[in-house]
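K.L.:
Data: upload11.tsv, TSV, C-alpha atoms and all ligand atoms.
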```tsv
chain	number	residue	atom	x	y	z
D	1	MET	CA	0.27	-17.48	38.16
D	2	ARG	CA	3.74	-16.98	36.71
D	3	VAL	CA	2.51	-18.33	33.34
D	4	ARG	CA	-0.41	-15.92	33.37
D	5	TRP	CA	1.93	-12.94	33.96
D	6	PHE	CA	4.19	-14.19	31.20
D	7	VAL	CA	1.28	-14.34	28.74
D	8	ALA	CA	0.12	-10.88	29.79
D	9	ALA	CA	3.63	-9.50	29.23
D	10	LEU	CA	3.74	-11.09	25.77
D	11	VAL	CA	0.42	-9.51	24.86
D	12	ILE	CA	1.62	-6.08	26.03
D	13	LEU	CA	4.91	-6.47	24.14
D	14	SER	CA	3.17	-7.50	20.92
D	15	LEU	CA	0.74	-4.57	21.19
D	16	ALA	CA	3.66	-2.19	21.80
D	17	ALA	CA	5.45	-3.55	18.73
D	18	GLN	CA	2.58	-2.42	16.55
D	19	HIS	CA	2.91	1.20	17.65
D	20	ASP	CA	5.79	3.64	17.59
D	21	ALA	CA	6.60	6.17	20.28
D	22	ALA	CA	4.03	8.64	18.94
D	23	GLY	CA	1.26	6.08	19.19
D	24	GLN	CA	1.19	5.60	15.43
D	25	ASN	CA	0.54	2.15	14.15
D	26	ALA	CA	3.75	0.65	12.84
D	27	GLY	CA	2.05	-0.73	9.74
D	28	VAL	CA	3.56	-3.21	7.30
D	29	ASP	CA	6.67	-1.23	6.34
D	30	PRO	CA	9.58	-1.60	8.80
D	31	ARG	CA	11.45	1.38	7.33
D	32	PRO	CA	11.38	4.65	9.31
D	33	PRO	CA	9.51	7.62	7.82
D	34	ASN	CA	11.42	10.27	5.85
D	35	ALA	CA	9.42	13.04	7.51
D	36	PRO	CA	9.01	11.84	11.12
D	37	ASN	CA	7.75	15.25	12.23
D	38	HIS	CA	4.71	14.95	9.95
D	39	LYS	CA	1.70	13.59	11.78
D	40	PRO	CA	-1.42	12.21	10.13
D	41	ALA	CA	-4.56	14.34	10.10
D	42	PHE	CA	-6.66	11.45	11.40
D	43	VAL	CA	-6.18	7.96	12.83
D	44	GLY	CA	-5.55	5.44	10.05
D	45	GLN	CA	-4.33	7.95	7.46
D	46	THR	CA	-1.00	6.11	7.23
D	47	ARG	CA	0.60	2.82	8.37
D	48	ALA	CA	-2.64	0.88	8.62
D	49	PRO	CA	-2.25	-2.35	10.59
D	50	GLU	CA	-1.06	-5.37	8.66
D	51	GLN	CA	-3.95	-7.52	7.56
D	52	LYS	CA	-2.60	-10.73	6.14
D	53	SER	CA	-5.11	-12.64	4.09
D	54	SER	CA	-5.23	-16.41	4.06
D	55	VAL	CA	-5.86	-16.41	0.30
D	56	VAL	CA	-3.57	-18.87	-1.46
D	57	PHE	CA	-2.84	-18.08	-5.08
D	58	ASN	CA	-0.58	-18.99	-7.99
D	59	VAL	CA	1.22	-16.46	-10.14
D	60	VAL	CA	1.03	-17.40	-13.82
D	61	THR	CA	3.08	-15.73	-16.55
D	62	VAL	CA	0.63	-14.62	-19.26
D	63	ALA	CA	3.18	-12.98	-21.56
D	64	ALA	CA	6.91	-12.23	-21.41
D	65	GLY	CA	9.44	-10.16	-23.34
D	66	ILE	CA	7.56	-6.87	-22.87
D	67	GLU	CA	9.99	-3.93	-22.87
D	68	ASN	CA	9.07	-1.52	-20.07
D	69	GLY	CA	5.36	-2.24	-20.11
D	70	TRP	CA	3.25	0.72	-18.98
D	71	GLY	CA	-0.46	0.10	-19.53
D	72	MET	CA	-2.69	-2.80	-20.48
D	73	THR	CA	-6.33	-3.46	-21.22
D	74	PHE	CA	-8.56	-6.30	-22.32
D	75	LEU	CA	-10.11	-6.64	-25.77
D	76	PRO	CA	-13.38	-8.50	-26.23
D	77	GLY	CA	-12.68	-12.13	-27.12
D	78	GLY	CA	-9.66	-12.82	-24.90
D	79	LYS	CA	-6.84	-10.70	-26.34
D	80	MET	CA	-5.13	-7.79	-24.62
D	81	LEU	CA	-3.44	-4.56	-25.62
D	82	VAL	CA	-0.20	-3.60	-23.88
D	83	THR	CA	1.96	-0.50	-24.23
D	84	GLU	CA	5.75	-0.51	-24.12
D	85	LYS	CA	7.16	2.81	-22.93
D	86	PRO	CA	9.69	3.12	-25.79
D	87	GLY	CA	6.68	3.64	-28.06
D	88	ARG	CA	5.16	0.33	-29.11
D	89	LEU	CA	1.59	-0.88	-28.70
D	90	ARG	CA	1.20	-4.64	-29.02
D	91	VAL	CA	-1.61	-7.15	-29.06
D	92	VAL	CA	-1.26	-10.10	-26.70
D	93	ASP	CA	-3.20	-13.14	-27.87
D	94	ALA	CA	-4.74	-15.80	-25.64
D	95	LYS	CA	-1.51	-17.83	-25.79
D	96	GLY	CA	0.57	-14.84	-24.65
D	97	THR	CA	2.16	-14.21	-28.05
D	98	LEU	CA	3.04	-10.58	-28.71
D	99	SER	CA	2.07	-9.10	-32.07
D	100	ALA	CA	4.23	-6.84	-34.21
D	101	PRO	CA	3.88	-3.22	-33.04
D	102	VAL	CA	0.53	-1.68	-33.96
D	103	THR	CA	1.20	0.85	-36.75
D	104	GLY	CA	-0.26	4.33	-37.11
D	105	LEU	CA	0.53	5.81	-33.68
D	106	PRO	CA	2.16	9.26	-33.60
D	107	ALA	CA	5.77	9.56	-32.43
D	108	VAL	CA	6.45	9.59	-28.69
D	109	ASP	CA	9.22	11.32	-26.75
D	110	ALA	CA	10.70	8.23	-25.11
D	111	GLN	CA	13.13	9.58	-22.56
D	112	GLY	CA	13.12	9.52	-18.79
D	113	GLN	CA	9.57	8.79	-17.59
D	114	GLY	CA	8.18	9.67	-21.03
D	115	GLY	CA	7.05	7.44	-23.85
D	116	LEU	CA	3.91	5.50	-24.67
D	117	LEU	CA	1.90	5.35	-21.46
D	118	ASP	CA	-1.70	4.28	-20.79
D	119	ILE	CA	-4.15	2.49	-23.08
D	120	SER	CA	-7.95	2.33	-22.79
D	121	LEU	CA	-10.94	1.22	-24.84
D	122	HIS	CA	-13.84	3.58	-25.49
D	123	PRO	CA	-16.86	2.41	-23.43
D	124	ASP	CA	-18.61	1.52	-26.74
D	125	TYR	CA	-15.54	-0.17	-28.20
D	126	ALA	CA	-17.57	-3.18	-29.34
D	127	SER	CA	-19.42	-0.96	-31.80
D	128	ASN	CA	-16.83	1.74	-32.65
D	129	GLN	CA	-13.41	0.01	-32.12
D	130	LEU	CA	-12.01	3.24	-30.71
D	131	ILE	CA	-8.91	3.02	-28.54
D	132	TYR	CA	-7.32	5.85	-26.56
D	133	TRP	CA	-3.72	6.17	-25.44
D	134	SER	CA	-1.65	8.69	-23.52
D	135	TYR	CA	1.97	9.51	-24.27
D	136	ALA	CA	4.80	12.00	-23.98
D	137	GLU	CA	4.45	14.17	-27.07
D	138	PRO	CA	7.66	15.63	-28.56
D	139	ARG	CA	7.58	19.38	-29.21
D	140	GLU	CA	9.98	21.99	-30.58
D	141	ASN	CA	13.13	23.06	-28.70
D	142	ASP	CA	13.41	19.82	-26.66
D	143	MET	CA	10.07	20.46	-25.03
D	144	ASN	CA	7.34	17.86	-24.52
D	145	ASN	CA	4.00	17.37	-22.83
D	146	THR	CA	1.49	14.67	-22.02
D	147	ALA	CA	-0.97	14.06	-24.86
D	148	VAL	CA	-3.91	11.75	-25.54
D	149	ALA	CA	-4.83	10.35	-28.95
D	150	ARG	CA	-7.53	8.05	-30.21
D	151	GLY	CA	-7.97	5.92	-33.30
D	152	ARG	CA	-9.91	2.99	-34.68
D	153	PHE	CA	-8.14	-0.26	-33.93
D	154	VAL	CA	-7.91	-2.80	-36.75
D	155	ASP	CA	-6.64	-6.19	-35.60
D	156	GLY	CA	-5.02	-8.78	-37.86
D	157	ALA	CA	-1.61	-10.03	-38.97
D	158	ALA	CA	-0.44	-6.39	-39.19
D	159	PRO	CA	-2.53	-4.58	-36.56
D	160	ARG	CA	-2.98	-0.83	-37.03
D	161	VAL	CA	-4.89	2.24	-35.93
D	162	GLU	CA	-6.82	4.39	-38.40
D	163	ASN	CA	-8.28	7.91	-38.26
D	164	VAL	CA	-5.90	8.92	-35.51
D	165	GLN	CA	-6.76	12.18	-33.73
D	166	VAL	CA	-4.80	13.81	-30.93
D	167	ILE	CA	-7.63	14.95	-28.65
D	168	TYR	CA	-5.59	16.51	-25.84
D	169	HIS	CA	-2.27	18.31	-25.34
D	170	GLN	CA	-1.23	19.22	-21.81
D	171	ALA	CA	-0.10	22.85	-21.78
D	172	PRO	CA	2.31	24.45	-21.36
D	173	SER	CA	5.01	22.18	-22.79
D	174	MET	CA	8.22	22.00	-20.79
D	175	VAL	CA	11.81	20.79	-21.06
D	176	SER	CA	11.58	17.87	-18.64
D	177	ARG	CA	11.87	14.08	-18.71
D	178	LEU	CA	9.67	13.62	-15.65
D	179	HIS	CA	6.09	13.54	-14.31
D	180	PHE	CA	3.93	12.92	-17.39
D	181	GLY	CA	1.33	11.00	-15.36
D	182	SER	CA	-0.88	9.45	-16.76
D	183	ARG	CA	-3.94	7.24	-16.63
D	184	LEU	CA	-7.13	7.28	-18.67
D	185	VAL	CA	-10.34	6.52	-16.79
D	186	TRP	CA	-13.90	6.67	-18.16
D	187	GLY	CA	-16.57	8.12	-15.93
D	188	ARG	CA	-19.97	6.45	-15.88
D	189	ASP	CA	-21.32	9.38	-17.89
D	190	GLY	CA	-18.91	8.64	-20.75
D	191	THR	CA	-16.50	11.46	-19.98
D	192	LEU	CA	-12.76	10.76	-19.89
D	193	PHE	CA	-10.52	11.60	-16.94
D	194	ILE	CA	-6.84	12.16	-17.75
D	195	THR	CA	-4.47	12.17	-14.78
D	196	GLN	CA	-1.23	14.06	-15.30
D	197	GLY	CA	1.91	15.28	-13.61
D	198	GLU	CA	3.47	18.69	-13.04
D	199	ARG	CA	6.73	17.90	-14.86
D	200	SER	CA	8.76	17.89	-11.61
D	201	ILE	CA	10.90	20.96	-12.40
D	202	VAL	CA	10.22	23.93	-10.10
D	203	GLU	CA	8.56	25.99	-12.85
D	204	GLY	CA	6.10	23.16	-13.48
D	205	ARG	CA	5.57	22.26	-9.84
D	206	MET	CA	4.44	25.79	-8.99
D	207	GLN	CA	1.83	25.56	-11.76
D	208	ALA	CA	0.00	22.74	-9.95
D	209	GLN	CA	-1.79	25.59	-8.12
D	210	LYS	CA	-2.10	27.85	-11.20
D	211	MET	CA	-5.45	27.60	-12.94
D	212	ASP	CA	-4.37	28.84	-16.38
D	213	SER	CA	-2.01	25.83	-16.59
D	214	LEU	CA	-2.85	22.16	-17.12
D	215	LEU	CA	0.16	20.94	-15.12
D	216	GLY	CA	-0.59	19.02	-11.93
D	217	LYS	CA	-4.26	18.72	-12.86
D	218	ILE	CA	-6.79	16.00	-13.53
D	219	VAL	CA	-8.75	17.01	-16.61
D	220	ARG	CA	-12.14	15.76	-17.76
D	221	LEU	CA	-13.09	15.68	-21.44
D	222	ASN	CA	-15.79	14.34	-23.69
D	223	ALA	CA	-14.79	11.37	-25.82
D	224	ASP	CA	-14.05	13.65	-28.79
D	225	GLY	CA	-11.78	15.90	-26.70
D	226	SER	CA	-14.30	18.71	-26.22
D	227	VAL	CA	-14.94	20.16	-22.77
D	228	PRO	CA	-18.02	18.92	-20.89
D	229	LYS	CA	-20.38	21.79	-20.09
D	230	ASP	CA	-20.59	20.72	-16.45
D	231	ASN	CA	-16.84	20.89	-15.75
D	232	PRO	CA	-16.27	22.96	-12.59
D	233	PHE	CA	-14.50	25.96	-14.13
D	234	VAL	CA	-16.29	26.34	-17.45
D	235	GLY	CA	-16.73	30.03	-18.22
D	236	LYS	CA	-14.48	31.18	-15.39
D	237	GLU	CA	-12.02	33.87	-16.49
D	238	GLY	CA	-8.38	32.78	-16.48
D	239	VAL	CA	-9.12	29.13	-15.65
D	240	ARG	CA	-8.64	26.27	-18.11
D	241	PRO	CA	-12.09	24.69	-18.57
D	242	GLU	CA	-10.60	21.18	-18.93
D	243	ILE	CA	-9.66	21.14	-15.22
D	244	TRP	CA	-11.52	18.75	-12.92
D	245	SER	CA	-9.23	18.96	-9.84
D	246	TYR	CA	-5.85	20.52	-9.06
D	247	GLY	CA	-2.85	20.58	-6.75
D	248	HIS	CA	-1.63	17.15	-7.89
D	249	ARG	CA	1.97	15.96	-8.21
D	250	ASN	CA	2.28	12.92	-10.50
D	251	LEU	CA	-0.56	10.47	-11.01
D	252	GLN	CA	0.15	7.05	-12.50
D	253	ALA	CA	-2.73	5.21	-10.83
D	254	ALA	CA	-6.45	5.92	-11.14
D	255	THR	CA	-9.71	4.00	-11.33
D	256	LEU	CA	-13.43	4.34	-10.63
D	257	HIS	CA	-14.80	3.12	-7.34
D	258	PRO	CA	-17.05	0.18	-8.21
D	259	THR	CA	-19.92	1.24	-5.93
D	260	THR	CA	-19.87	5.03	-5.84
D	261	GLY	CA	-18.60	5.53	-9.41
D	262	GLU	CA	-16.23	8.23	-8.13
D	263	LEU	CA	-12.69	8.61	-9.41
D	264	TRP	CA	-9.93	7.47	-7.04
D	265	GLU	CA	-6.26	8.06	-7.68
D	266	VAL	CA	-2.87	7.42	-6.12
D	267	GLU	CA	-0.14	9.95	-6.73
D	268	HIS	CA	3.60	9.86	-6.28
D	269	GLY	CA	4.94	11.87	-3.39
D	270	PRO	CA	8.51	13.14	-3.19
D	271	ARG	CA	10.63	11.38	-0.49
D	272	GLY	CA	7.61	10.22	1.48
D	273	GLY	CA	4.08	11.28	0.81
D	274	ASP	CA	2.61	8.95	-1.80
D	275	GLU	CA	-1.10	9.52	-1.37
D	276	ILE	CA	-4.55	8.17	-2.21
D	277	ASN	CA	-7.13	10.81	-3.08
D	278	ILE	CA	-10.74	10.91	-4.19
D	279	PRO	CA	-10.45	13.85	-6.59
D	280	ARG	CA	-13.72	15.72	-6.46
D	281	LYS	CA	-15.05	18.33	-8.84
D	282	GLY	CA	-13.14	21.59	-8.50
D	283	HIS	CA	-11.22	20.63	-5.35
D	284	ASP	CA	-7.59	21.40	-4.48
D	285	TYR	CA	-5.36	18.47	-3.44
D	286	GLY	CA	-2.67	20.72	-2.04
D	287	TRP	CA	0.58	20.09	-3.92
D	288	PRO	CA	3.09	21.69	-3.51
D	289	THR	CA	1.72	23.70	-0.55
D	290	ILE	CA	0.93	20.70	1.66
D	291	GLY	CA	2.23	17.14	1.71
D	292	TYR	CA	3.72	14.34	3.79
D	293	GLY	CA	7.22	14.15	2.34
D	294	ILE	CA	10.49	15.99	1.87
D	295	GLU	CA	12.64	16.78	-1.19
D	296	TYR	CA	14.79	13.98	-2.61
D	297	ASN	CA	17.85	15.92	-1.36
D	298	GLY	CA	16.42	16.03	2.18
D	299	ASN	CA	15.36	19.67	2.13
D	300	LEU	CA	11.94	20.68	3.38
D	301	ILE	CA	9.22	21.50	0.84
D	302	GLY	CA	7.77	25.02	1.04
D	303	GLY	CA	6.58	25.73	4.57
D	304	ASP	CA	6.83	22.00	5.51
D	305	ILE	CA	3.13	21.88	6.36
D	306	THR	CA	0.74	18.95	5.96
D	307	ALA	CA	-2.61	20.72	6.12
D	308	GLN	CA	-4.20	23.97	5.06
D	309	SER	CA	-7.75	25.22	4.92
D	310	GLY	CA	-9.30	24.76	1.47
D	311	MET	CA	-6.96	21.90	0.60
D	312	GLU	CA	-8.07	18.28	0.72
D	313	GLN	CA	-6.38	15.68	2.91
D	314	PRO	CA	-5.40	12.37	1.31
D	315	VAL	CA	-7.48	9.34	2.23
D	316	TYR	CA	-4.18	7.57	2.99
D	317	TYR	CA	-0.47	8.16	2.57
D	318	TRP	CA	2.81	6.24	2.60
D	319	ASP	CA	6.10	7.44	4.05
D	320	PRO	CA	8.40	5.89	2.92
D	321	VAL	CA	6.93	5.57	-0.54
D	322	ILE	CA	5.76	2.61	-2.61
D	323	GLY	CA	6.03	4.38	-6.00
D	324	PRO	CA	2.35	3.83	-6.87
D	325	SER	CA	1.58	2.84	-10.45
D	326	GLY	CA	-1.64	1.16	-11.50
D	327	MET	CA	-4.65	0.51	-9.27
D	328	MET	CA	-7.90	-1.46	-9.22
D	329	PHE	CA	-10.72	-2.34	-6.89
D	330	TYR	CA	-11.35	-6.08	-6.88
D	331	THR	CA	-14.92	-7.08	-7.78
D	332	GLY	CA	-14.39	-10.52	-9.34
D	333	LYS	CA	-15.60	-13.97	-8.36
D	334	LEU	CA	-12.22	-15.77	-8.11
D	335	PHE	CA	-11.17	-14.13	-4.84
D	336	PRO	CA	-14.31	-13.54	-2.74
D	337	ALA	CA	-12.14	-12.76	0.34
D	338	TRP	CA	-10.71	-9.77	-1.54
D	339	ASN	CA	-14.00	-8.30	-2.71
D	340	GLY	CA	-13.88	-4.50	-2.57
D	341	ASN	CA	-10.16	-4.42	-1.73
D	342	LEU	CA	-7.93	-1.87	-3.41
D	343	PHE	CA	-4.81	-3.15	-5.20
D	344	ILE	CA	-1.98	-0.78	-6.11
D	345	GLY	CA	1.24	-1.49	-7.98
D	346	GLY	CA	4.46	-0.87	-6.06
D	347	HIS	CA	6.89	0.45	-8.67
D	348	ALA	CA	9.50	1.32	-6.04
D	349	THR	CA	8.82	-1.58	-3.67
D	350	ASN	CA	8.52	-4.28	-6.39
D	351	ASP	CA	5.32	-5.63	-4.94
D	352	LEU	CA	1.55	-5.41	-5.00
D	353	VAL	CA	-0.17	-3.47	-2.24
D	354	ARG	CA	-3.55	-4.71	-1.00
D	355	LEU	CA	-5.69	-2.40	1.12
D	356	THR	CA	-8.88	-3.19	2.98
D	357	LEU	CA	-11.35	-0.34	3.27
D	358	ASN	CA	-14.31	0.81	5.28
D	359	GLY	CA	-15.92	3.38	3.02
D	360	GLU	CA	-13.27	6.02	2.47
D	361	ARG	CA	-10.99	4.83	5.27
D	362	VAL	CA	-8.15	2.32	4.94
D	363	THR	CA	-8.41	-0.36	7.62
D	364	GLY	CA	-5.54	-2.70	6.72
D	365	GLU	CA	-2.59	-3.22	4.41
D	366	GLU	CA	-0.83	-6.25	2.99
D	367	ARG	CA	2.10	-6.56	0.60
D	368	LEU	CA	1.78	-9.32	-1.99
D	369	LEU	CA	4.36	-10.57	-4.54
D	370	THR	CA	7.15	-9.53	-2.16
D	371	ASP	CA	9.60	-11.91	-3.86
D	372	LEU	CA	8.79	-10.60	-7.36
D	373	LYS	CA	11.90	-8.40	-7.78
D	374	GLU	CA	10.23	-6.63	-10.72
D	375	ARG	CA	8.79	-3.11	-10.77
D	376	VAL	CA	4.99	-3.18	-10.97
D	377	ARG	CA	3.63	-0.64	-13.46
D	378	ASP	CA	-0.02	-1.62	-13.85
D	379	VAL	CA	-2.64	-3.82	-12.18
D	380	ARG	CA	-6.05	-4.64	-13.63
D	381	GLN	CA	-8.86	-7.08	-13.07
D	382	GLY	CA	-9.35	-9.35	-16.04
D	383	PRO	CA	-12.71	-10.41	-17.51
D	384	ASP	CA	-11.99	-13.84	-15.92
D	385	GLY	CA	-11.79	-12.30	-12.43
D	386	ALA	CA	-8.03	-12.87	-12.17
D	387	ILE	CA	-5.72	-10.04	-11.12
D	388	TYR	CA	-3.29	-9.06	-13.90
D	389	VAL	CA	0.02	-7.38	-13.12
D	390	LEU	CA	2.28	-5.71	-15.69
D	391	THR	CA	5.95	-5.33	-14.80
D	392	ASP	CA	8.21	-2.54	-16.01
D	393	MET	CA	11.52	-4.21	-16.88
D	394	ALA	CA	13.74	-4.53	-19.97
D	395	GLN	CA	12.18	-7.98	-20.24
D	396	GLY	CA	8.92	-7.40	-18.43
D	397	ARG	CA	5.88	-9.63	-18.07
D	398	ILE	CA	2.15	-9.77	-17.71
D	399	LEU	CA	1.39	-11.99	-14.73
D	400	LYS	CA	-1.91	-13.12	-13.34
D	401	LEU	CA	-2.93	-14.13	-9.86
D	402	VAL	CA	-5.31	-17.08	-9.76
D	403	PRO	CA	-6.57	-19.08	-6.77
D	404	ARG	CA	-4.46	-22.16	-6.02
N	1	CA	CA	-2.10	16.21	-1.74
```
For this file, write the structure as structure tokens.
P.N.:
Amino acid sequence: MRVRWFVAALVILSLAAQHDAAGQNAGVDPRPPNAPNHKPAFVGQTRAPEQKSSVVFNVVTVAAGIENGWGMTFLPGGKMLVTEKPGRLRVVDAKGTLSAPVTGLPAVDAQGQGGLLDISLHPDYASNQLIYWSYAEPRENDMNNTAVARGRFVDGAAPRVENVQVIYHQAPSMVSRLHFGSRLVWGRDGTLFITQGERSIVEGRMQAQKMDSLLGKIVRLNADGSVPKDNPFVGKEGVRPEIWSYGHRNLQAATLHPTTGELWEVEHGPRGGDEINIPRKGHDYGWPTIGYGIEYNGNLIGGDITAQSGMEQPVYYWDPVIGPSGMMFYTGKLFPAWNGNLFIGGHATNDLVRLTLNGERVTGEERLLTDLKERVRDVRQGPDGAIYVLTDMAQGRILKLVPR
């Protein structure tokens, strides 16, 4: 009898340990929230229960000596392209050797969070060899903005890009070293999503809700930079027709959902409030009016509210933050237990976040690579089904997770 009571007490204690005083699940992160007065809009919107997987894997170094790697992608035939934030694009061969910098790219403004950012192949790369990259573009009077260029990639002993065209300039330009975004994601219809930031400074932040500004917006373009006719605000007076969705803060993670084909993104919150969204056509994601964080200096943001009519709730949020950069849904054959899971780079937490999902709801969270001690900037599924991780360090690496 005494043993039975003891077991019952243990069960109660362990259940209690998973919940805080407010009945919230404690989740995987032992740190207290920065905005404890903020409550989720629905059960499971934050601090999902820990869901440790029994998957055993090795971490293999694919390439090393990458200076502040930012984006990577896979070329047909086993090579990769990787960007270094200071402004170099390199080819990584199958042995992990880095090429000389690819020549022909326009200058980047490599300061603060700016520089050479994401890299992506045109969906018909095999026939047109077009590559696209995003970067911080230097402008007059110390200003800059996010930009996207494309060119034809010519591999070889001295790799280069030809016929370079800058197809997009975020406007207005600002004097800021922060919040450039950006990820490049191709929709199934061949349009290009560009995720961007709002430049962090107050003047830029307030423009995340202004429709004649491209700050704090996801834009959607045709492959040549023209505006798709079915963008939500085409023909609307005073609204930039490039806009797909608005009210965003700084988006360095985005990908298509493998089943629905919808765009998903993770954006950086302030102190608290990193959030996953499914940015839908013409919708408002709330920044800076609503959010689940506070200012870096501890002040409240605006009216300190987390919800408002007409503004979308995040699918999930983190407080404290992970510093999300890079994301992918796993669909490969190497890790069947992880099929459909969402992986997100932890740039602040130096780890890899794995989320289990039920439709649009997060059901569990696990932190992988917790002993990495390197900032994770990008995560992608390789053609071999392995999970590739790019770290953002002075001597950064491309790693891959393979089953043991
Ligand atoms: Ca939001």
K.L.:
Using all atoms listed in the file, which residues of chain D come within 8 Å of ligand CA 1 (chain N), and what is the closest atom pair for each, with the distance in Å to one decimal? Give it as a tab-separated table, sorted by chain and residue number.
P.N.:
```
residue	atom	partner	partner_atom	distance
D:Gly247	CA	N:CA1	CA	6.7
D:His248	CA	N:CA1	CA	6.2
D:Arg249	CA	N:CA1	CA	7.6
D:Glu275	CA	N:CA1	CA	6.8
D:Asn277	CA	N:CA1	CA	7.5
D:Tyr285	CA	N:CA1	CA	4.3
D:Gly286	CA	N:CA1	CA	4.6
D:Trp287	CA	N:CA1	CA	5.2
D:Pro288	CA	N:CA1	CA	7.8
D:Ile290	CA	N:CA1	CA	6.4
D:Gly291	CA	N:CA1	CA	5.6
D:Met311	CA	N:CA1	CA	7.8
D:Glu312	CA	N:CA1	CA	6.8
D:Gln313	CA	N:CA1	CA	6.3
D:Pro314	CA	N:CA1	CA	5.9
```
K.L.:
Can you work out which one of D:Ile66, D:Leu117, D:Ala254, D:Val148 has the shortest atom-to-atom distance to Thr97 of chain D, counting all atoms listed in the file?
P.N.:
D:Ile66
K.L.:
So which residues touch Glu198 of chain D within 12 Å, counting all atoms listed in the file, skipping near sequence neighbours fewer than 2 positions away, as a VMD selection string?
P.N.:
chain D and resid 145 to 146 170 to 182 195 to 196 200 to 210 213 to 218 246 to 251 267 to 269 287 to 288
K.L.:
Of the candidates D:Ala94, D:Met80, D:Val43, D:Met328, which one gets nearest to His257 of chain D if we count only C-alpha atoms?
P.N.:
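The shortest atom-to-atom distance to His257 of chain D comes from D:Met328.
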K.L.:
What lies within 8 Å of segment 126-132 of chain D using only C-alpha atoms, ignoring chain neighbours under 4 positions off, as a PyMOL selection string?
P.N.:
chain D and resi 76+119-122+148-154
K.L.:
Nearest to Val28 of chain D: which of D:Thr370, D:Gln111, D:Ser309, D:Thr73 is it, counting all atoms listed in the file?
P.N.:
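Selected residue with least distance to Val28 of chain D: D:Thr370.
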K.L.:
Using only C-alpha atoms, which protein or nucleic acid residues come within 8 Å of Gln395 of chain D? Drop anything in the same chain fewer than 3 positions from it, and give the result as a PDB file with C-alpha atoms, in the coordinates of the input.
P.N.:
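Output file around_14.pdb follows:
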```
ATOM      1  CA  ALA D  64       6.910 -12.230 -21.410  1.00  0.00           C
ATOM      2  CA  GLY D  65       9.440 -10.160 -23.340  1.00  0.00           C
ATOM      3  CA  ILE D  66       7.560  -6.870 -22.870  1.00  0.00           C
ATOM      4  CA  GLU D  67       9.990  -3.930 -22.870  1.00  0.00           C
ATOM      5  CA  ASN D  68       9.070  -1.520 -20.070  1.00  0.00           C
ATOM      6  CA  ASP D 392       8.210  -2.540 -16.010  1.00  0.00           C
TER       7      ASP D 392
END
```
